[in-house]
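Colleague: Just passing along the structure, written as C-alpha cells.
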Amino acid sequence: MKAKIHVTLKQGILDPQGKAIEHALESLGFKNAGNVRVGKYMEVEVQEPDRAKAEAQVRQMCETLLANTVIEEYRYELQA
Amino acid sequence: MNIGVVVFPGSNCDHDCEHVFKTLLGQSVRMVWHKDTSLAGLDAVILPGGFSYGDYLRTGAIARFSPVMGAVKEFARAGGLVLGICNGFQILLEAGLLPGAMLRNRSLNFICKDVYVRVENAATPFTGRCEPGQVLKVPIAHADGNYYTDPVTLAGLQANAQVVFRYCTAEGKVTPEANPNGSLDNIAGIRNAAGNVLGMMPHPERASEELLGNEDGKLIFLSMLEAMKKPRGQTVGG
C-alpha cells in the first residue's frame, strides 16, 4: 500500500508562510485568493496487503512522528 | 558536579555548554552521545542548541526518538535537572517533557540577536541566583521559537508559575514589540510541573563570559550548581 499523507497547521493557528504567500498572490492580481495554508506532503510505502492494518499503521505513524498534533492536523489516502 | 551534555547529530552549541561548565565554572563535564542509554553518575543533563537531524520534518521531531531520550525521560522522572536550550527546548517539547510546540517565527526569519527576558519565577533550580523580575540580556538564534500551546495548557502554565522567562524590553516591560518571534504570552522559557525540567529559547551559554561582553546567562548555570548541592527533591521551587 502507498500512503499519501498531508500535514498542515490546524485551522486557527497562524501560518506565517501561508500569509506571506497570500500577500504575494494578492500582489500578482489574484484578489480572490485567500486562506492559504502551507503544509507537508509525504508518501510512505507500507508493506501490508490488508487495508485496515495498513491504515492503522499510517495513523500511528502520523500520531507519533509525522504530525505534531499540538499544532498540526493530518489526512491521508491509501492506494493499493 | 557532573554535568552531561547530550550530543545529537547536528548539535552545535554542545561545546559552548561544555566550555561554560568546565572552563568557567570548574565542573566535570561528560559529553553524552545520542546513542548512549545511560546517564548514571550525572547531576544534571543539558540538551544543547543546534540543528539536530537537520531540523528535518520539524525541529526536534527526530531527535526525540534518539536512544538517549529514554534515559533523559527517566532522569527527569527521578527529579534530575534537565535544561534544554533552543533546539534542546524544541526536543523537550517534541518528547512531551514540556507542554506545547514551536511554530515558525512570526516574521519567517531566522533571528540571531540579543534580546531581553524577564525572570518570572526566581524560585526554580535554574533561576535561584536571579532576583524576581530581573531582566537578563541573552541572545536568541532560531527560526522556530514561536511558542504555542492550547488556551487550557497556557492557563495552567501561568497558574503554576511555569512560565520562567518572558521576552521584555530592556526596562523589563513585557510588550508585543519586545516579542521577537510571536510567542504566545511572550514566553521565552517554561518549566515542567515538577520544576526540574526547563526549556528556554535564549542561549545563556553564549552570554556567560566577560570576554564576550555579557555574563547574564551565567546566572542560570550558577543557579543550577547551587540547586544541585541540595539533596534531590529539594531543588524544586514554586
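Going by the C-alpha cells order, chains are called A, B, ..., each with residues numbered from 1, while ligands are numbered from 1 in the order shown.
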Determine which residues of chain A receive a DSSP assignment of strand (DSSP E), computed from the backbone, and state them as a ChimeraX atom specification.

Modeller: /A:2-9,39-45,72-79

Colleague: Quick one: contact table of chain A to chain B, 8 Å max, nearest atom pair and distance in Å to one decimal per residue, counting only C-alpha atoms, chain and number order, as JSON lines?

Modeller:
```
{"residue": "A:Pro16", "atom": "CA", "partner": "B:Arg106", "partner_atom": "CA", "distance": 5.8}
{"residue": "A:Gln17", "atom": "CA", "partner": "B:Leu108", "partner_atom": "CA", "distance": 7.0}
{"residue": "A:Leu65", "atom": "CA", "partner": "B:Ala61", "partner_atom": "CA", "distance": 6.8}
{"residue": "A:Leu66", "atom": "CA", "partner": "B:Leu57", "partner_atom": "CA", "distance": 7.3}
{"residue": "A:Asn68", "atom": "CA", "partner": "B:Glu94", "partner_atom": "CA", "distance": 7.7}
{"residue": "A:Val70", "atom": "CA", "partner": "B:Ala101", "partner_atom": "CA", "distance": 6.4}
{"residue": "A:Ile71", "atom": "CA", "partner": "B:Ala101", "partner_atom": "CA", "distance": 6.8}
```

Colleague: Applying 9 Å and only C-alpha atoms, which residues near Gln79 (chain A) remain after dropping the ones on its own chain fewer than 5 positions away? List them as a PDB file with N, CA and C atoms, in the first residue's frame.

Modeller:
```pdb
ATOM      1  N   MET A   1       0.842  -1.200   0.000  1.00  0.00           N
ATOM      2  CA  MET A   1       0.000   0.000   0.000  1.00  0.00           C
ATOM      3  C   MET A   1       0.878   1.252   0.000  1.00  0.00           C
ATOM      4  N   LYS A   2       0.430   2.235  -0.751  1.00  0.00           N
ATOM      5  CA  LYS A   2       1.129   3.515  -0.686  1.00  0.00           C
ATOM      6  C   LYS A   2       0.225   4.504   0.045  1.00  0.00           C
ATOM      7  N   ALA A   3       0.801   5.143   1.061  1.00  0.00           N
ATOM      8  CA  ALA A   3       0.046   6.159   1.793  1.00  0.00           C
ATOM      9  C   ALA A   3       0.491   7.533   1.316  1.00  0.00           C
ATOM     10  N   LYS A   4      -0.462   8.373   0.970  1.00  0.00           N
ATOM     11  CA  LYS A   4      -0.173   9.765   0.618  1.00  0.00           C
ATOM     12  C   LYS A   4      -0.678  10.622   1.771  1.00  0.00           C
TER      13      LYS A   4
END
```

Colleague: In Å, with one decimal, what is the gap from CA of Leu136 (chain B) to CA of Leu83 (chain B)?

Modeller: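 Separation between CA of Leu136 (chain B) and CA of Leu83 (chain B): 17.3 Å.
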
Colleague: Please provide the set of residues having any atom within 10 Å of Glu22 (chain A), restricted to only C-alpha atoms, with same-chain residues fewer than 3 positions apart removed, written as a ChimeraX atom specification.

Modeller: /A:16-19,25-28,30-31,33-37

Colleague: With distances taken over only C-alpha atoms, which of B:Gly217, B:Gly133, B:Gly145, B:Gly79 is nearest to Ala193 (chain B)?

Modeller: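 Answer, going by the shortest atom-to-atom distance: B:Gly79.
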
Colleague: Rank B:Asp16, B:Asp114, B:Asp144, B:Glu120 by their smallest atom-to-atom distance to Phe51 (chain B), using only C-alpha atoms, and report the top residue only.

Modeller: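 Selected residue with least distance to Phe51 (chain B): B:Asp144.
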
Colleague: Could you pull out all residues of region 1-75 of chain A with a DSSP call of helix (DSSP H, G or I) and give them as a PyMOL selection string?

Modeller: chain A and resi 16-27+51-66

Colleague: Need to verify the contact set: Glu177 (chain B), 10 Å, only C-alpha atoms, exclusion of same-chain residues closer than 3 positions in sequence. Can you return it as a list in words?

Modeller: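 What passes the distance filter is Tyr167, Cys168, Thr169, Lys173, Val174, Pro180, Asn181, Gly182 and Asn186 of chain B.
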
Colleague: Could you take the residues named above and write them with C-alpha atoms, as a compact mmCIF listing (two decimals), in the first residue's frame?

Modeller:
```
# COMPACT_ATOMS: atom_id res chain seq x y z
CA TYR B 167 10.57 38.46 26.36
CA CYS B 168 10.59 42.06 27.52
CA THR B 169 12.09 45.48 26.88
CA LYS B 173 8.21 45.67 30.24
CA VAL B 174 6.52 42.73 28.55
CA PRO B 180 10.87 38.72 18.74
CA ASN B 181 9.12 35.66 17.34
CA GLY B 182 5.41 35.85 18.09
CA ASN B 186 5.89 36.47 25.22
```

Colleague: If we count only C-alpha atoms, what is near region 20-33 of chain B at a cut-off of 10 Å, once residues fewer than 3 positions away on the same chain are taken out, given as a short mmCIF file (atom, residue, chain, number, x, y, z; two decimals) with N, CA and C atoms, in the first residue's frame?

Modeller:
```cif
data_model
loop_
_atom_site.label_atom_id
_atom_site.label_comp_id
_atom_site.auth_asym_id
_atom_site.auth_seq_id
_atom_site.Cartn_x
_atom_site.Cartn_y
_atom_site.Cartn_z
N MET B 1 30.45 18.85 40.59
CA MET B 1 29.22 18.33 39.97
C MET B 1 29.55 17.70 38.61
N ASN B 2 28.77 16.70 38.24
CA ASN B 2 28.95 16.05 36.94
C ASN B 2 27.82 16.45 36.01
N ILE B 3 28.19 17.15 34.96
CA ILE B 3 27.21 17.67 34.03
C ILE B 3 27.29 16.86 32.74
N GLY B 4 26.15 16.39 32.24
CA GLY B 4 26.12 15.69 30.97
C GLY B 4 25.61 16.61 29.89
N VAL B 5 26.34 16.68 28.78
CA VAL B 5 25.87 17.46 27.63
C VAL B 5 25.58 16.48 26.50
N VAL B 6 24.32 16.40 26.10
CA VAL B 6 23.94 15.43 25.07
C VAL B 6 24.34 15.96 23.70
N VAL B 7 24.93 15.09 22.91
CA VAL B 7 25.36 15.47 21.56
C VAL B 7 24.53 14.69 20.54
N PHE B 8 23.67 15.40 19.83
CA PHE B 8 22.91 14.81 18.74
C PHE B 8 23.65 15.10 17.44
N PRO B 9 23.39 14.33 16.39
CA PRO B 9 23.97 14.72 15.10
C PRO B 9 23.37 16.08 14.72
N ASP B 14 26.95 22.37 21.82
CA ASP B 14 27.36 21.41 22.86
C ASP B 14 28.69 21.82 23.49
N HIS B 15 29.63 22.26 22.67
CA HIS B 15 30.94 22.62 23.22
C HIS B 15 30.91 23.96 23.95
N ASP B 16 29.99 24.81 23.58
CA ASP B 16 29.82 26.07 24.33
C ASP B 16 29.37 25.74 25.76
N CYS B 17 28.41 24.81 25.87
CA CYS B 17 27.93 24.42 27.20
C CYS B 17 29.05 23.75 27.99
N ASP B 36 24.04 6.80 23.44
CA ASP B 36 24.22 6.28 24.79
C ASP B 36 22.86 6.12 25.46
N THR B 37 22.78 5.16 26.35
CA THR B 37 21.49 4.95 27.02
C THR B 37 21.61 5.07 28.53
N SER B 38 22.78 5.50 29.02
CA SER B 38 22.93 5.65 30.47
C SER B 38 23.38 7.06 30.84
N LEU B 39 22.72 7.60 31.84
CA LEU B 39 23.11 8.91 32.37
C LEU B 39 23.56 8.77 33.81
N GLY B 41 25.42 8.64 37.17
CA GLY B 41 26.50 9.44 37.74
C GLY B 41 26.41 10.92 37.43
N LEU B 42 25.42 11.31 36.64
CA LEU B 42 25.30 12.72 36.29
C LEU B 42 24.36 13.45 37.25
N ALA B 44 23.21 16.65 36.36
CA ALA B 44 22.31 17.45 35.50
C ALA B 44 22.60 17.11 34.04
N VAL B 45 21.60 17.30 33.21
CA VAL B 45 21.74 17.00 31.78
C VAL B 45 21.34 18.22 30.97
N ILE B 46 22.18 18.55 30.00
CA ILE B 46 21.89 19.69 29.11
C ILE B 46 21.58 19.15 27.72
N LEU B 47 20.45 19.59 27.15
CA LEU B 47 20.19 19.34 25.73
C LEU B 47 20.54 20.65 25.03
N SER B 66 15.90 9.54 19.63
CA SER B 66 17.26 9.06 19.85
C SER B 66 17.29 8.16 21.08
N PRO B 67 18.16 7.13 21.06
CA PRO B 67 18.22 6.22 22.20
C PRO B 67 18.40 6.93 23.55
N VAL B 68 19.16 8.01 23.57
CA VAL B 68 19.43 8.68 24.85
C VAL B 68 18.16 9.27 25.47
N PRO B 204 21.91 31.05 27.11
CA PRO B 204 22.71 31.60 28.22
C PRO B 204 24.19 31.26 28.10
N GLU B 205 24.49 30.14 27.41
CA GLU B 205 25.90 29.73 27.29
C GLU B 205 26.68 30.69 26.38
N ARG B 206 25.97 31.51 25.62
CA ARG B 206 26.65 32.50 24.77
C ARG B 206 26.79 33.84 25.48
N ALA B 207 26.36 33.86 26.73
CA ALA B 207 26.41 35.12 27.49
C ALA B 207 26.87 34.82 28.90
N SER B 208 27.99 34.12 29.01
CA SER B 208 28.45 33.68 30.33
C SER B 208 29.89 34.07 30.61
N GLU B 209 30.42 34.99 29.82
CA GLU B 209 31.85 35.26 29.92
C GLU B 209 32.12 36.74 29.67
N LYS B 218 25.21 33.43 32.78
CA LYS B 218 25.92 32.63 33.78
C LYS B 218 25.05 32.37 35.02
N PHE B 221 23.43 28.99 35.05
CA PHE B 221 24.29 27.85 35.37
C PHE B 221 24.71 27.88 36.85
N LEU B 222 24.96 29.07 37.38
CA LEU B 222 25.30 29.18 38.80
C LEU B 222 24.11 28.74 39.66
N LEU B 225 24.04 24.96 39.73
CA LEU B 225 25.08 24.39 40.61
C LEU B 225 24.66 24.50 42.07
#
```

Colleague: Compile the contact shell of Arg75 (chain A) as a ChimeraX atom specification: residues with an atom at most 9 Å away, counting only C-alpha atoms, same-chain residues fewer than 6 positions apart removed.

Modeller: /A:4-8,59,62

Colleague: At what distance in Å, to one decimal, does CA of Gly128 (chain B) lie from CA of Leu211 (chain B)?

Modeller: 24.3 Å

Colleague: Calculated over only C-alpha atoms, which of the candidates B:Lys230, B:Arg118, B:Arg77, B:His34 has the smallest distance to Gly10 (chain B)?

Modeller: B:His34

Colleague: In Å, with one decimal, what is the gap from CA of Leu14 (chain A) to CA of Asp55 (chain B)?

Modeller: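 Atom-to-atom, CA of Leu14 (chain A) to CA of Asp55 (chain B), that is 20.5 Å.
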